[in-house]
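Everything below concerns the one structure shown next.
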Amino acid sequence: MKISAKGRYGIAAMVFLARNYDASSPITIISISEHLGISKIYLEQVFSLLKRSRLVNSIKGSQGGYQLSRHPREINAYDVLSSIEISLIEKAGPATDKMDALNRMLSRCVFDELDRSILETLRGISLEDLLTALNHEETDDSLMYFI
């Protein structure tokens with residue numbers, strides 16, 4: 001599994017929207033771009049995919065922007081990445097050209113198990129979890145230690 005820059009930017013932008021979920025006012029692409037240091041043009045592509053997957057709502061007009069379509073606890077990392085990445089989990093090809101039994105065993109015992117674990121992990125991480133972890137990280141950064 002390989003996650004592209006677009007996928008990483010999508011997760012970051014969704015956490016940013018999750019942080020502003022209770023404000024109930026839409027967040028502009030320009031604001032997200034400035035806060036995260038991500039190209040506005042690149043974010044427009046990401047949000048087009050997120051909107052198509054119904055993970056965000058877009059509001060048009062001078063007070064427009066984007067909002068999460070559901071509460072941050074209801075959107076997980078798999079939802080975001082699968083809406084952005086063309087092929088999040090690719091089936092592994094055969095390990096050998098001759099031994100079908102070996103290929104079936106490797107697929108069942110290694111590659112299928114790995115795919116299952118990745119999906120389970122991504123589905124178990126909500127935007128709310130990521131936001132909580134971010135808040136904890138920022139709290140740790142603000143602490144001063146004296147010796």
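Every chain in the structure tokens has a letter given in the order shown (A, B, ...), and although residue numbers restart at 1 in each chain, ligands are simply numbered from 1 in the order shown.
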Inset, instruction - Tell me, as JSON, numbers by chain, which residues lie within 10 Å of A:Ala18, counting only C-alpha atoms; anything in the same chain fewer than 3 positions away does not count. - result: {"A": [12, 13, 14, 15, 21, 22, 23, 67, 68, 70, 71, 72, 73, 75, 127, 128, 130, 131]}
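Near A:Ser87, within a cut-off of 10 Å and counting only C-alpha atoms, sit the residues Met1, Lys2, Ile3, Leu81 and Ser82 of chain A, with same-chain residues fewer than 5 positions away left out.
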Legend entry - From A:Thr139, A:Ser83, A:Asn76, A:Gln63, residue lying nearest A:Gly124 [only C-alpha atoms]: A:Asn76
Legend entry - Picked from stretch 12-78 of chain A by DSSP as helix (DSSP H, G or I), as a PyMOL selection string: chain A and resi 12-19+21-23+29-36+40-52+72-74+77-78
Take the selection from the previous step and output its residues with C-alpha atoms, as a PDB file, in the first residue's frame.
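Output (out-v7.pdb):
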```pdb
ATOM      1  CA  ALA A  12      -4.634  16.715   6.727  1.00  0.00           C
ATOM      2  CA  ALA A  13      -7.350  18.911   5.210  1.00  0.00           C
ATOM      3  CA  MET A  14     -10.101  16.736   6.676  1.00  0.00           C
ATOM      4  CA  VAL A  15      -8.547  16.984  10.154  1.00  0.00           C
ATOM      5  CA  PHE A  16      -8.447  20.767   9.670  1.00  0.00           C
ATOM      6  CA  LEU A  17     -12.169  20.721   8.801  1.00  0.00           C
ATOM      7  CA  ALA A  18     -12.838  18.452  11.794  1.00  0.00           C
ATOM      8  CA  ARG A  19     -11.144  20.991  14.055  1.00  0.00           C
ATOM      9  CA  TYR A  21     -16.659  21.316  12.771  1.00  0.00           C
ATOM     10  CA  ASP A  22     -18.458  22.993  15.683  1.00  0.00           C
ATOM     11  CA  ALA A  23     -18.003  26.482  14.223  1.00  0.00           C
ATOM     12  CA  ILE A  29      -9.788  26.403   0.228  1.00  0.00           C
ATOM     13  CA  ILE A  30      -7.588  29.490   0.563  1.00  0.00           C
ATOM     14  CA  SER A  31      -7.791  29.330   4.360  1.00  0.00           C
ATOM     15  CA  ILE A  32      -6.916  25.626   4.382  1.00  0.00           C
ATOM     16  CA  SER A  33      -4.087  26.270   1.922  1.00  0.00           C
ATOM     17  CA  GLU A  34      -2.608  29.023   4.097  1.00  0.00           C
ATOM     18  CA  HIS A  35      -2.916  27.094   7.371  1.00  0.00           C
ATOM     19  CA  LEU A  36      -1.496  23.838   6.015  1.00  0.00           C
ATOM     20  CA  LYS A  40      -4.655  25.891  -3.471  1.00  0.00           C
ATOM     21  CA  ILE A  41      -4.856  24.263  -6.897  1.00  0.00           C
ATOM     22  CA  TYR A  42      -3.869  20.889  -5.451  1.00  0.00           C
ATOM     23  CA  LEU A  43      -6.458  21.221  -2.659  1.00  0.00           C
ATOM     24  CA  GLU A  44      -9.166  21.992  -5.224  1.00  0.00           C
ATOM     25  CA  GLN A  45      -8.461  18.616  -6.846  1.00  0.00           C
ATOM     26  CA  VAL A  46      -8.562  16.866  -3.459  1.00  0.00           C
ATOM     27  CA  PHE A  47     -11.829  18.525  -2.445  1.00  0.00           C
ATOM     28  CA  SER A  48     -13.411  17.659  -5.764  1.00  0.00           C
ATOM     29  CA  LEU A  49     -12.831  13.979  -4.915  1.00  0.00           C
ATOM     30  CA  LEU A  50     -13.978  14.398  -1.305  1.00  0.00           C
ATOM     31  CA  LYS A  51     -17.150  16.133  -2.478  1.00  0.00           C
ATOM     32  CA  ARG A  52     -17.851  13.396  -5.031  1.00  0.00           C
ATOM     33  CA  PRO A  72     -15.802  13.710  12.686  1.00  0.00           C
ATOM     34  CA  ARG A  73     -16.426  10.469  14.620  1.00  0.00           C
ATOM     35  CA  GLU A  74     -18.422   9.152  11.633  1.00  0.00           C
ATOM     36  CA  ALA A  77      -9.240   7.333   7.467  1.00  0.00           C
ATOM     37  CA  TYR A  78     -10.391   4.628   5.046  1.00  0.00           C
TER      38      TYR A  78
END
```
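Comparing the minimum interatomic distances between A:Ile84 and each of A:Ile38, A:Leu106, A:Met99, A:Leu55, counting only C-alpha atoms, we find that A:Leu55 sits nearest.
Of all the residues in stretch 17-136 of chain A, the ones DSSP labels as strand (DSSP E or B) from the backbone are Ile27, Val56, Asn57, Ser58, Ile59, Gly65, Tyr66, Gln67, Leu68, Asn76 and Ser126 of chain A.
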